[in-house]
$ cat model_28.csv   # CSV, N, CA, C and O atoms
chain,number,residue,atom,x,y,z
I,934,ALA,N,0.9,-1.2,0.0
I,934,ALA,CA,0.0,0.0,0.0
I,934,ALA,C,0.9,1.2,0.0
I,934,ALA,O,1.9,1.3,0.7
I,935,LYS,N,0.5,2.2,-0.8
I,935,LYS,CA,1.2,3.5,-0.8
I,935,LYS,C,1.0,4.3,0.4
I,935,LYS,O,-0.1,4.3,0.9
I,936,PRO,N,2.0,5.0,0.9
I,936,PRO,CA,1.8,5.8,2.1
I,936,PRO,C,0.9,7.0,1.7
I,936,PRO,O,0.8,7.5,0.6
I,937,GLN,N,0.2,7.5,2.7
I,937,GLN,CA,-0.6,8.8,2.6
I,937,GLN,C,0.5,9.9,2.6
I,937,GLN,O,1.4,9.8,3.4
I,938,VAL,N,0.2,10.9,1.8
I,938,VAL,CA,1.2,12.0,1.7
I,938,VAL,C,0.7,13.3,2.3
I,938,VAL,O,-0.4,13.6,2.2
I,939,VAL,N,1.7,13.9,3.0
I,939,VAL,CA,1.4,15.2,3.6
I,939,VAL,C,2.5,16.1,3.1
I,939,VAL,O,3.7,15.8,3.3
I,940,ASN,N,2.2,17.3,2.6
I,940,ASN,CA,3.3,18.2,2.2
I,940,ASN,C,3.7,19.2,3.3
I,940,ASN,O,2.9,19.5,4.2
I,941,LEU,N,4.9,19.6,3.2
I,941,LEU,CA,5.4,20.5,4.2
I,941,LEU,C,4.6,21.8,4.4
I,941,LEU,O,4.3,22.3,5.4
I,942,SER,N,4.1,22.3,3.2
I,942,SER,CA,3.2,23.5,3.3
I,942,SER,C,2.0,23.3,4.1
I,942,SER,O,1.6,24.1,4.9
I,943,SER,N,1.4,22.0,4.1
I,943,SER,CA,0.2,21.7,4.9
I,943,SER,C,0.6,21.8,6.4
I,943,SER,O,-0.2,22.3,7.2
I,944,LEU,N,1.7,21.2,6.7
I,944,LEU,CA,2.2,21.2,8.1
I,944,LEU,C,2.4,22.7,8.6
I,944,LEU,O,2.0,23.1,9.7
I,945,ASN,N,3.0,23.5,7.7
I,945,ASN,CA,3.3,24.8,8.1
I,945,ASN,C,2.0,25.6,8.3
I,945,ASN,O,1.9,26.5,9.2
I,946,ASN,N,1.0,25.4,7.5
I,946,ASN,CA,-0.3,26.1,7.6
I,946,ASN,C,-1.2,25.6,8.7
I,946,ASN,O,-2.0,26.4,9.1
I,947,ASN,N,-1.0,24.4,9.2
I,947,ASN,CA,-1.9,23.8,10.1
I,947,ASN,C,-1.4,23.7,11.6
I,947,ASN,O,-2.2,23.3,12.5
I,948,PHE,N,-0.1,24.0,11.8
I,948,PHE,CA,0.5,23.8,13.1
I,948,PHE,C,1.3,25.0,13.5
I,948,PHE,O,1.6,25.9,12.7
I,949,ASN,N,1.6,25.0,14.8
I,949,ASN,CA,2.3,26.1,15.4
I,949,ASN,C,3.7,25.7,15.8
I,949,ASN,O,4.0,24.5,16.0
I,950,ASP,N,4.5,26.7,16.0
I,950,ASP,CA,5.9,26.5,16.4
I,950,ASP,C,5.9,25.6,17.6
I,950,ASP,O,5.2,25.8,18.6
I,951,GLY,N,6.7,24.5,17.6
I,951,GLY,CA,6.9,23.7,18.8
I,951,GLY,C,5.9,22.5,18.8
I,951,GLY,O,6.1,21.6,19.7
I,952,ASP,N,5.0,22.4,17.9
I,952,ASP,CA,4.1,21.3,17.9
I,952,ASP,C,4.8,20.0,17.6
I,952,ASP,O,5.7,19.9,16.8
I,953,VAL,N,4.2,18.9,18.1
I,953,VAL,CA,4.7,17.5,17.8
I,953,VAL,C,3.7,16.9,16.9
I,953,VAL,O,2.5,16.9,17.2
I,954,ILE,N,4.1,16.4,15.7
I,954,ILE,CA,3.2,15.9,14.7
I,954,ILE,C,3.3,14.4,14.7
I,954,ILE,O,4.4,13.8,14.5
I,955,SER,N,2.2,13.7,15.0
I,955,SER,CA,2.1,12.3,15.0
I,955,SER,C,0.9,11.9,14.1
I,955,SER,O,0.2,12.7,13.7
I,956,ARG,N,0.8,10.6,13.9
I,956,ARG,CA,-0.3,10.1,13.1
I,956,ARG,C,-1.6,10.6,13.7
I,956,ARG,O,-2.5,11.0,13.0
I,957,GLU,N,-1.8,10.5,15.0
I,957,GLU,CA,-3.0,10.8,15.6
I,957,GLU,C,-3.4,12.3,15.4
I,957,GLU,O,-4.5,12.7,15.2
I,958,VAL,N,-2.4,13.1,15.5
I,958,VAL,CA,-2.5,14.6,15.3
I,958,VAL,C,-3.0,14.9,13.8
I,958,VAL,O,-3.9,15.7,13.6
I,959,LEU,N,-2.4,14.2,12.9
I,959,LEU,CA,-2.7,14.4,11.5
I,959,LEU,C,-4.1,13.9,11.2
I,959,LEU,O,-4.8,14.6,10.4
I,960,VAL,N,-4.5,12.8,11.8
I,960,VAL,CA,-5.9,12.3,11.6
I,960,VAL,C,-6.9,13.3,12.2
I,960,VAL,O,-7.9,13.6,11.6
I,961,ARG,N,-6.6,13.8,13.4
I,961,ARG,CA,-7.5,14.7,14.1
I,961,ARG,C,-7.7,16.0,13.3
I,961,ARG,O,-8.8,16.5,13.2
I,962,LYS,N,-6.6,16.5,12.7
I,962,LYS,CA,-6.7,17.7,11.8
I,962,LYS,C,-7.2,17.4,10.4
I,962,LYS,O,-7.3,18.3,9.6
I,963,LYS,N,-7.5,16.1,10.2
I,963,LYS,CA,-8.1,15.6,8.9
I,963,LYS,C,-7.1,15.9,7.7
I,963,LYS,O,-7.5,16.1,6.6
I,964,LEU,N,-5.8,15.8,8.0
I,964,LEU,CA,-4.8,15.9,6.9
I,964,LEU,C,-4.6,14.6,6.3
I,964,LEU,O,-4.0,14.5,5.2
I,965,VAL,N,-4.9,13.5,7.1
I,965,VAL,CA,-4.8,12.1,6.5
I,965,VAL,C,-6.0,11.4,7.0
I,965,VAL,O,-6.7,11.8,8.0
I,966,LYS,N,-6.3,10.3,6.3
I,966,LYS,CA,-7.4,9.4,6.8
I,966,LYS,C,-6.9,8.4,7.8
I,966,LYS,O,-5.7,8.1,7.8
I,967,ASP,N,-7.8,8.0,8.6
I,967,ASP,CA,-7.4,7.0,9.7
I,967,ASP,C,-7.4,5.6,9.1
I,967,ASP,O,-8.3,4.8,9.3
I,968,THR,N,-6.3,5.3,8.4
I,968,THR,CA,-6.1,4.0,7.9
I,968,THR,C,-4.8,3.4,8.4
I,968,THR,O,-4.1,4.2,9.1
I,969,MET,N,-4.5,2.2,8.1
I,969,MET,CA,-3.3,1.6,8.5
I,969,MET,C,-2.1,2.0,7.6
I,969,MET,O,-1.0,1.6,7.9
I,970,ASN,N,-2.4,2.7,6.5
I,970,ASN,CA,-1.3,3.0,5.6
I,970,ASN,C,-0.3,3.9,6.3
I,970,ASN,O,-0.6,4.7,7.1
I,971,ALA,N,1.0,3.8,5.9
I,971,ALA,CA,2.0,4.7,6.4
I,971,ALA,C,1.7,6.1,6.0
I,971,ALA,O,0.9,6.3,5.0
I,972,ILE,N,2.3,7.0,6.7
I,972,ILE,CA,2.2,8.5,6.3
I,972,ILE,C,3.6,8.9,6.0
I,972,ILE,O,4.6,8.6,6.7
I,973,LYS,N,3.7,9.7,4.9
I,973,LYS,CA,5.0,10.3,4.5
I,973,LYS,C,4.9,11.8,4.3
I,973,LYS,O,4.0,12.2,3.6
I,974,VAL,N,5.8,12.5,4.9
I,974,VAL,CA,5.9,14.0,4.7
I,974,VAL,C,6.8,14.2,3.5
I,974,VAL,O,8.0,13.7,3.5
I,975,LEU,N,6.3,14.9,2.5
I,975,LEU,CA,7.1,15.3,1.4
I,975,LEU,C,7.6,16.8,1.5
I,975,LEU,O,6.9,17.6,2.1
I,976,GLY,N,8.6,17.1,0.8
I,976,GLY,CA,9.2,18.4,0.9
I,976,GLY,C,8.6,19.5,0.0
I,976,GLY,O,9.3,20.5,-0.2
I,977,ASN,N,7.4,19.3,-0.4
I,977,ASN,CA,6.7,20.4,-1.2
I,977,ASN,C,6.3,21.5,-0.3
I,977,ASN,O,5.6,21.3,0.7
I,978,GLY,N,6.7,22.7,-0.7
I,978,GLY,CA,6.4,23.9,0.0
I,978,GLY,C,7.5,24.3,1.0
I,978,GLY,O,8.5,23.6,1.1
I,979,GLU,N,7.3,25.3,1.7
I,979,GLU,CA,8.3,25.8,2.7
I,979,GLU,C,7.8,25.6,4.1
I,979,GLU,O,6.6,25.5,4.3
I,980,ILE,N,8.7,25.6,5.0
I,980,ILE,CA,8.3,25.5,6.4
I,980,ILE,C,9.1,26.5,7.2
I,980,ILE,O,10.3,26.7,6.9
I,981,ASN,N,8.5,27.2,8.1
I,981,ASN,CA,9.3,28.1,9.0
I,981,ASN,C,8.9,28.0,10.4
I,981,ASN,O,9.2,28.9,11.2
I,982,LYS,N,8.3,26.8,10.8
I,982,LYS,CA,8.0,26.5,12.2
I,982,LYS,C,8.8,25.3,12.6
I,982,LYS,O,9.0,24.4,11.9
I,983,LYS,N,9.2,25.4,13.9
I,983,LYS,CA,10.0,24.2,14.5
I,983,LYS,C,9.0,23.2,14.9
I,983,LYS,O,8.3,23.3,15.9
I,984,LEU,N,8.9,22.1,14.1
I,984,LEU,CA,8.0,21.0,14.4
I,984,LEU,C,8.8,19.8,14.7
I,984,LEU,O,9.9,19.6,14.1
I,985,THR,N,8.2,18.9,15.5
I,985,THR,CA,8.8,17.6,15.8
I,985,THR,C,8.0,16.6,15.1
I,985,THR,O,6.8,16.5,15.4
I,986,ILE,N,8.5,15.8,14.2
I,986,ILE,CA,7.8,14.8,13.5
I,986,ILE,C,8.1,13.4,14.1
I,986,ILE,O,9.2,13.0,14.2
I,987,LYS,N,7.0,12.8,14.6
I,987,LYS,CA,7.2,11.6,15.4
I,987,LYS,C,6.6,10.3,14.7
I,987,LYS,O,5.4,10.3,14.4
I,988,ASN,N,7.4,9.3,14.5
I,988,ASN,CA,7.0,8.0,13.9
I,988,ASN,C,6.3,8.2,12.6
I,988,ASN,O,5.3,7.5,12.3
I,989,ILE,N,6.7,9.1,11.7
I,989,ILE,CA,6.2,9.3,10.4
I,989,ILE,C,7.4,9.3,9.4
I,989,ILE,O,8.4,9.8,9.7
I,990,LEU,N,7.2,8.7,8.3
I,990,LEU,CA,8.2,8.7,7.2
I,990,LEU,C,8.4,10.1,6.7
I,990,LEU,O,7.4,10.9,6.6
I,991,VAL,N,9.6,10.5,6.4
I,991,VAL,CA,9.9,11.8,5.9
I,991,VAL,C,10.9,11.7,4.8
I,991,VAL,O,11.9,11.0,4.9
I,992,SER,N,10.6,12.4,3.7
I,992,SER,CA,11.5,12.4,2.5
I,992,SER,C,12.8,13.1,2.9
I,992,SER,O,12.8,13.9,3.8
I,993,ASP,N,13.8,12.9,2.1
I,993,ASP,CA,15.1,13.6,2.4
I,993,ASP,C,15.0,15.1,2.3
I,993,ASP,O,15.5,15.8,3.1
I,994,SER,N,14.2,15.5,1.3
I,994,SER,CA,14.1,17.0,1.1
I,994,SER,C,13.3,17.6,2.2
I,994,SER,O,13.6,18.7,2.7
I,995,ALA,N,12.2,16.9,2.7
I,995,ALA,CA,11.5,17.4,3.8
I,995,ALA,C,12.3,17.4,5.1
I,995,ALA,O,12.3,18.4,5.9
I,996,LYS,N,13.1,16.4,5.3
I,996,LYS,CA,14.0,16.3,6.5
I,996,LYS,C,14.9,17.4,6.5
I,996,LYS,O,15.1,18.1,7.6
I,997,SER,N,15.6,17.8,5.4
I,997,SER,CA,16.6,18.8,5.5
I,997,SER,C,15.9,20.2,5.7
I,997,SER,O,16.4,21.0,6.4
I,998,LYS,N,14.7,20.4,5.2
I,998,LYS,CA,14.0,21.7,5.4
I,998,LYS,C,13.5,21.8,6.9
I,998,LYS,O,13.6,22.8,7.5
I,999,ILE,N,13.0,20.7,7.4
I,999,ILE,CA,12.5,20.7,8.8
I,999,ILE,C,13.7,20.9,9.7
I,999,ILE,O,13.6,21.8,10.7
I,1000,GLU,N,14.8,20.2,9.5
I,1000,GLU,CA,16.0,20.4,10.4
I,1000,GLU,C,16.6,21.8,10.2
I,1000,GLU,O,17.2,22.3,11.2
I,1001,ALA,N,16.5,22.4,9.0
I,1001,ALA,CA,17.1,23.7,8.8
I,1001,ALA,C,16.5,24.8,9.6
I,1001,ALA,O,17.1,25.8,10.0
I,1002,VAL,N,15.2,24.6,10.0
I,1002,VAL,CA,14.5,25.6,10.8
I,1002,VAL,C,14.4,25.2,12.3
I,1002,VAL,O,13.7,25.8,13.1
I,1003,GLY,N,15.2,24.1,12.7
I,1003,GLY,CA,15.3,23.7,14.0
I,1003,GLY,C,14.3,22.6,14.5
I,1003,GLY,O,14.2,22.3,15.6
I,1004,GLY,N,13.6,22.0,13.5
I,1004,GLY,CA,12.7,20.9,13.8
I,1004,GLY,C,13.4,19.6,14.0
I,1004,GLY,O,14.6,19.6,13.7
I,1005,LYS,N,12.7,18.6,14.4
I,1005,LYS,CA,13.3,17.3,14.7
I,1005,LYS,C,12.5,16.2,14.1
I,1005,LYS,O,11.3,16.3,14.0
I,1006,ILE,N,13.2,15.1,13.7
I,1006,ILE,CA,12.5,13.9,13.2
I,1006,ILE,C,12.8,12.8,14.3
I,1006,ILE,O,14.0,12.6,14.6
I,1007,LEU,N,11.8,12.3,14.9
I,1007,LEU,CA,12.0,11.3,15.9
I,1007,LEU,C,11.6,9.9,15.4
I,1007,LEU,O,10.7,9.8,14.6

$ encode --input "model_28.csv" --output "structure tokens"
Amino acid sequence: AKPQVVNLSSLNNNFNDGDVISREVLVRKKLVKDTMNAIKVLGNGEINKKLTIKNILVSDSAKSKIEAVGGKIL
């Protein structure tokens, strides 16, 4: 099964500095459906908030953008 995709721009628009992003949070915000499919953050768009991404797949381009603004991938 293909992962559900979330773009960086969506995270930037829907979350605040310091937020921790997990599957549950994305489902609650209706950015992904509540399925068993993996979720992957792609590097489309810009991010300027320090977010912590927890237990979610992250593309290389998204990872470098997230870390460049002080975010973390757990």

$ closest_residue --input "model_28.csv" --among "I:Lys966, I:Pro936, I:Glu957, I:Leu975" --to "Asp993 (chain I)" --atoms "only N, CA, C and O atoms"
I:Leu975

$ residues_around --input "model_28.csv" --residues "Asn977 (chain I)" --least-positions-apart "4" --cutoff "6 Å" --atoms "all atoms listed in the file" --output "VMD selection string"
chain I and resid 940 to 943

$ closest_residue --input "model_28.csv" --among "I:Asn947, I:Gly1003, I:Lys973, I:Thr968" --to "Thr985 (chain I)" --atoms "only N, CA, C and O atoms"
I:Gly1003

$ atom_distance --input "model_28.csv" --atom1 "CA of Asp950 (chain I)" --atom2 "CA of Asp967 (chain I)"
24.5 Å

$ select_by_dssp --input "model_28.csv" --residues "chain I" --states "strand (DSSP E)" --output "PDB file with N, CA, C and O atoms, keeping the file's coordinate frame"
ATOM      1  N   GLN I 937       0.200   7.500   2.700  1.00  0.00           N
ATOM      2  CA  GLN I 937      -0.600   8.800   2.600  1.00  0.00           C
ATOM      3  C   GLN I 937       0.500   9.900   2.600  1.00  0.00           C
ATOM      4  O   GLN I 937       1.400   9.800   3.400  1.00  0.00           O
ATOM      5  N   VAL I 938       0.200  10.900   1.800  1.00  0.00           N
ATOM      6  CA  VAL I 938       1.200  12.000   1.700  1.00  0.00           C
ATOM      7  C   VAL I 938       0.700  13.300   2.300  1.00  0.00           C
ATOM      8  O   VAL I 938      -0.400  13.600   2.200  1.00  0.00           O
ATOM      9  N   VAL I 939       1.700  13.900   3.000  1.00  0.00           N
ATOM     10  CA  VAL I 939       1.400  15.200   3.600  1.00  0.00           C
ATOM     11  C   VAL I 939       2.500  16.100   3.100  1.00  0.00           C
ATOM     12  O   VAL I 939       3.700  15.800   3.300  1.00  0.00           O
ATOM     13  N   ASN I 940       2.200  17.300   2.600  1.00  0.00           N
ATOM     14  CA  ASN I 940       3.300  18.200   2.200  1.00  0.00           C
ATOM     15  C   ASN I 940       3.700  19.200   3.300  1.00  0.00           C
ATOM     16  O   ASN I 940       2.900  19.500   4.200  1.00  0.00           O
ATOM     17  N   VAL I 953       4.200  18.900  18.100  1.00  0.00           N
ATOM     18  CA  VAL I 953       4.700  17.500  17.800  1.00  0.00           C
ATOM     19  C   VAL I 953       3.700  16.900  16.900  1.00  0.00           C
ATOM     20  O   VAL I 953       2.500  16.900  17.200  1.00  0.00           O
ATOM     21  N   ILE I 954       4.100  16.400  15.700  1.00  0.00           N
ATOM     22  CA  ILE I 954       3.200  15.900  14.700  1.00  0.00           C
ATOM     23  C   ILE I 954       3.300  14.400  14.700  1.00  0.00           C
ATOM     24  O   ILE I 954       4.400  13.800  14.500  1.00  0.00           O
ATOM     25  N   ILE I 972       2.300   7.000   6.700  1.00  0.00           N
ATOM     26  CA  ILE I 972       2.200   8.500   6.300  1.00  0.00           C
ATOM     27  C   ILE I 972       3.600   8.900   6.000  1.00  0.00           C
ATOM     28  O   ILE I 972       4.600   8.600   6.700  1.00  0.00           O
ATOM     29  N   LYS I 973       3.700   9.700   4.900  1.00  0.00           N
ATOM     30  CA  LYS I 973       5.000  10.300   4.500  1.00  0.00           C
ATOM     31  C   LYS I 973       4.900  11.800   4.300  1.00  0.00           C
ATOM     32  O   LYS I 973       4.000  12.200   3.600  1.00  0.00           O
ATOM     33  N   VAL I 974       5.800  12.500   4.900  1.00  0.00           N
ATOM     34  CA  VAL I 974       5.900  14.000   4.700  1.00  0.00           C
ATOM     35  C   VAL I 974       6.800  14.200   3.500  1.00  0.00           C
ATOM     36  O   VAL I 974       8.000  13.700   3.500  1.00  0.00           O
ATOM     37  N   LEU I 975       6.300  14.900   2.500  1.00  0.00           N
ATOM     38  CA  LEU I 975       7.100  15.300   1.400  1.00  0.00           C
ATOM     39  C   LEU I 975       7.600  16.800   1.500  1.00  0.00           C
ATOM     40  O   LEU I 975       6.900  17.600   2.100  1.00  0.00           O
ATOM     41  N   THR I 985       8.200  18.900  15.500  1.00  0.00           N
ATOM     42  CA  THR I 985       8.800  17.600  15.800  1.00  0.00           C
ATOM     43  C   THR I 985       8.000  16.600  15.100  1.00  0.00           C
ATOM     44  O   THR I 985       6.800  16.500  15.400  1.00  0.00           O
ATOM     45  N   ILE I 986       8.500  15.800  14.200  1.00  0.00           N
ATOM     46  CA  ILE I 986       7.800  14.800  13.500  1.00  0.00           C
ATOM     47  C   ILE I 986       8.100  13.400  14.100  1.00  0.00           C
ATOM     48  O   ILE I 986       9.200  13.000  14.200  1.00  0.00           O
ATOM     49  N   LEU I 990       7.200   8.700   8.300  1.00  0.00           N
ATOM     50  CA  LEU I 990       8.200   8.700   7.200  1.00  0.00           C
ATOM     51  C   LEU I 990       8.400  10.100   6.700  1.00  0.00           C
ATOM     52  O   LEU I 990       7.400  10.900   6.600  1.00  0.00           O
ATOM     53  N   VAL I 991       9.600  10.500   6.400  1.00  0.00           N
ATOM     54  CA  VAL I 991       9.900  11.800   5.900  1.00  0.00           C
ATOM     55  C   VAL I 991      10.900  11.700   4.800  1.00  0.00           C
ATOM     56  O   VAL I 991      11.900  11.000   4.900  1.00  0.00           O
ATOM     57  N   LYS I1005      12.700  18.600  14.400  1.00  0.00           N
ATOM     58  CA  LYS I1005      13.300  17.300  14.700  1.00  0.00           C
ATOM     59  C   LYS I1005      12.500  16.200  14.100  1.00  0.00           C
ATOM     60  O   LYS I1005      11.300  16.300  14.000  1.00  0.00           O
ATOM     61  N   ILE I1006      13.200  15.100  13.700  1.00  0.00           N
ATOM     62  CA  ILE I1006      12.500  13.900  13.200  1.00  0.00           C
ATOM     63  C   ILE I1006      12.800  12.800  14.300  1.00  0.00           C
ATOM     64  O   ILE I1006      14.000  12.600  14.600  1.00  0.00           O
TER      65      ILE I1006
END

$ closest_residue --input "model_28.csv" --among "I:Val938, I:Asn946, I:Ile1006, I:Val958" --to "Ile986 (chain I)" --atoms "all atoms listed in the file"
I:Ile1006

$ select_by_dssp --input "model_28.csv" --residues "chain I" --states "helix (DSSP H, G or I)" --output "list in words"
Leu941, Ser942, Ser943, Leu944, Asn945, Asn946, Asn947, Arg956, Glu957, Val958, Leu959, Val960, Arg961, Asp993, Ser994, Ala995, Lys996, Ser997, Lys998, Ile999, Glu1000 and Ala1001 of chain I

$ write_last_selection --input "model_28.csv" --atoms "N, CA, C and O atoms" --output "mmCIF file, in the coordinates of the input"
data_model
loop_
_atom_site.group_PDB
_atom_site.id
_atom_site.type_symbol
_atom_site.label_atom_id
_atom_site.label_comp_id
_atom_site.auth_asym_id
_atom_site.auth_seq_id
_atom_site.Cartn_x
_atom_site.Cartn_y
_atom_site.Cartn_z
ATOM 1 N N LEU I 941 4.900 19.600 3.200
ATOM 2 C CA LEU I 941 5.400 20.500 4.200
ATOM 3 C C LEU I 941 4.600 21.800 4.400
ATOM 4 O O LEU I 941 4.300 22.300 5.400
ATOM 5 N N SER I 942 4.100 22.300 3.200
ATOM 6 C CA SER I 942 3.200 23.500 3.300
ATOM 7 C C SER I 942 2.000 23.300 4.100
ATOM 8 O O SER I 942 1.600 24.100 4.900
ATOM 9 N N SER I 943 1.400 22.000 4.100
ATOM 10 C CA SER I 943 0.200 21.700 4.900
ATOM 11 C C SER I 943 0.600 21.800 6.400
ATOM 12 O O SER I 943 -0.200 22.300 7.200
ATOM 13 N N LEU I 944 1.700 21.200 6.700
ATOM 14 C CA LEU I 944 2.200 21.200 8.100
ATOM 15 C C LEU I 944 2.400 22.700 8.600
ATOM 16 O O LEU I 944 2.000 23.100 9.700
ATOM 17 N N ASN I 945 3.000 23.500 7.700
ATOM 18 C CA ASN I 945 3.300 24.800 8.100
ATOM 19 C C ASN I 945 2.000 25.600 8.300
ATOM 20 O O ASN I 945 1.900 26.500 9.200
ATOM 21 N N ASN I 946 1.000 25.400 7.500
ATOM 22 C CA ASN I 946 -0.300 26.100 7.600
ATOM 23 C C ASN I 946 -1.200 25.600 8.700
ATOM 24 O O ASN I 946 -2.000 26.400 9.100
ATOM 25 N N ASN I 947 -1.000 24.400 9.200
ATOM 26 C CA ASN I 947 -1.900 23.800 10.100
ATOM 27 C C ASN I 947 -1.400 23.700 11.600
ATOM 28 O O ASN I 947 -2.200 23.300 12.500
ATOM 29 N N ARG I 956 0.800 10.600 13.900
ATOM 30 C CA ARG I 956 -0.300 10.100 13.100
ATOM 31 C C ARG I 956 -1.600 10.600 13.700
ATOM 32 O O ARG I 956 -2.500 11.000 13.000
ATOM 33 N N GLU I 957 -1.800 10.500 15.000
ATOM 34 C CA GLU I 957 -3.000 10.800 15.600
ATOM 35 C C GLU I 957 -3.400 12.300 15.400
ATOM 36 O O GLU I 957 -4.500 12.700 15.200
ATOM 37 N N VAL I 958 -2.400 13.100 15.500
ATOM 38 C CA VAL I 958 -2.500 14.600 15.300
ATOM 39 C C VAL I 958 -3.000 14.900 13.800
ATOM 40 O O VAL I 958 -3.900 15.700 13.600
ATOM 41 N N LEU I 959 -2.400 14.200 12.900
ATOM 42 C CA LEU I 959 -2.700 14.400 11.500
ATOM 43 C C LEU I 959 -4.100 13.900 11.200
ATOM 44 O O LEU I 959 -4.800 14.600 10.400
ATOM 45 N N VAL I 960 -4.500 12.800 11.800
ATOM 46 C CA VAL I 960 -5.900 12.300 11.600
ATOM 47 C C VAL I 960 -6.900 13.300 12.200
ATOM 48 O O VAL I 960 -7.900 13.600 11.600
ATOM 49 N N ARG I 961 -6.600 13.800 13.400
ATOM 50 C CA ARG I 961 -7.500 14.700 14.100
ATOM 51 C C ARG I 961 -7.700 16.000 13.300
ATOM 52 O O ARG I 961 -8.800 16.500 13.200
ATOM 53 N N ASP I 993 13.800 12.900 2.100
ATOM 54 C CA ASP I 993 15.100 13.600 2.400
ATOM 55 C C ASP I 993 15.000 15.100 2.300
ATOM 56 O O ASP I 993 15.500 15.800 3.100
ATOM 57 N N SER I 994 14.200 15.500 1.300
ATOM 58 C CA SER I 994 14.100 17.000 1.100
ATOM 59 C C SER I 994 13.300 17.600 2.200
ATOM 60 O O SER I 994 13.600 18.700 2.700
ATOM 61 N N ALA I 995 12.200 16.900 2.700
ATOM 62 C CA ALA I 995 11.500 17.400 3.800
ATOM 63 C C ALA I 995 12.300 17.400 5.100
ATOM 64 O O ALA I 995 12.300 18.400 5.900
ATOM 65 N N LYS I 996 13.100 16.400 5.300
ATOM 66 C CA LYS I 996 14.000 16.300 6.500
ATOM 67 C C LYS I 996 14.900 17.400 6.500
ATOM 68 O O LYS I 996 15.100 18.100 7.600
ATOM 69 N N SER I 997 15.600 17.800 5.400
ATOM 70 C CA SER I 997 16.600 18.800 5.500
ATOM 71 C C SER I 997 15.900 20.200 5.700
ATOM 72 O O SER I 997 16.400 21.000 6.400
ATOM 73 N N LYS I 998 14.700 20.400 5.200
ATOM 74 C CA LYS I 998 14.000 21.700 5.400
ATOM 75 C C LYS I 998 13.500 21.800 6.900
ATOM 76 O O LYS I 998 13.600 22.800 7.500
ATOM 77 N N ILE I 999 13.000 20.700 7.400
ATOM 78 C CA ILE I 999 12.500 20.700 8.800
ATOM 79 C C ILE I 999 13.700 20.900 9.700
ATOM 80 O O ILE I 999 13.600 21.800 10.700
ATOM 81 N N GLU I 1000 14.800 20.200 9.500
ATOM 82 C CA GLU I 1000 16.000 20.400 10.400
ATOM 83 C C GLU I 1000 16.600 21.800 10.200
ATOM 84 O O GLU I 1000 17.200 22.300 11.200
ATOM 85 N N ALA I 1001 16.500 22.400 9.000
ATOM 86 C CA ALA I 1001 17.100 23.700 8.800
ATOM 87 C C ALA I 1001 16.500 24.800 9.600
ATOM 88 O O ALA I 1001 17.100 25.800 10.000
#

$ atom_distance --input "model_28.csv" --atom1 "CA of Lys935 (chain I)" --atom2 "atom N of Phe948 (chain I)"
24.1 Å

$ closest_residue --input "model_28.csv" --among "I:Asp952, I:Ile972, I:Lys962, I:Ile980" --to "Ala1001 (chain I)" --atoms "only N, CA, C and O atoms"
I:Ile980

$ closest_residue --input "model_28.csv" --among "I:Leu1007, I:Asn949, I:Val960, I:Leu990" --to "Val974 (chain I)" --atoms "only C-alpha atoms"
I:Leu990

$ closest_residue --input "model_28.csv" --among "I:Gly951, I:Lys983, I:Val965, I:Gly978" --to "Val1002 (chain I)" --atoms "all atoms listed in the file"
I:Lys983

$ atom_distance --input "model_28.csv" --atom1 "atom N of Met969 (chain I)" --atom2 "atom C of Ser955 (chain I)"
12.6 Å
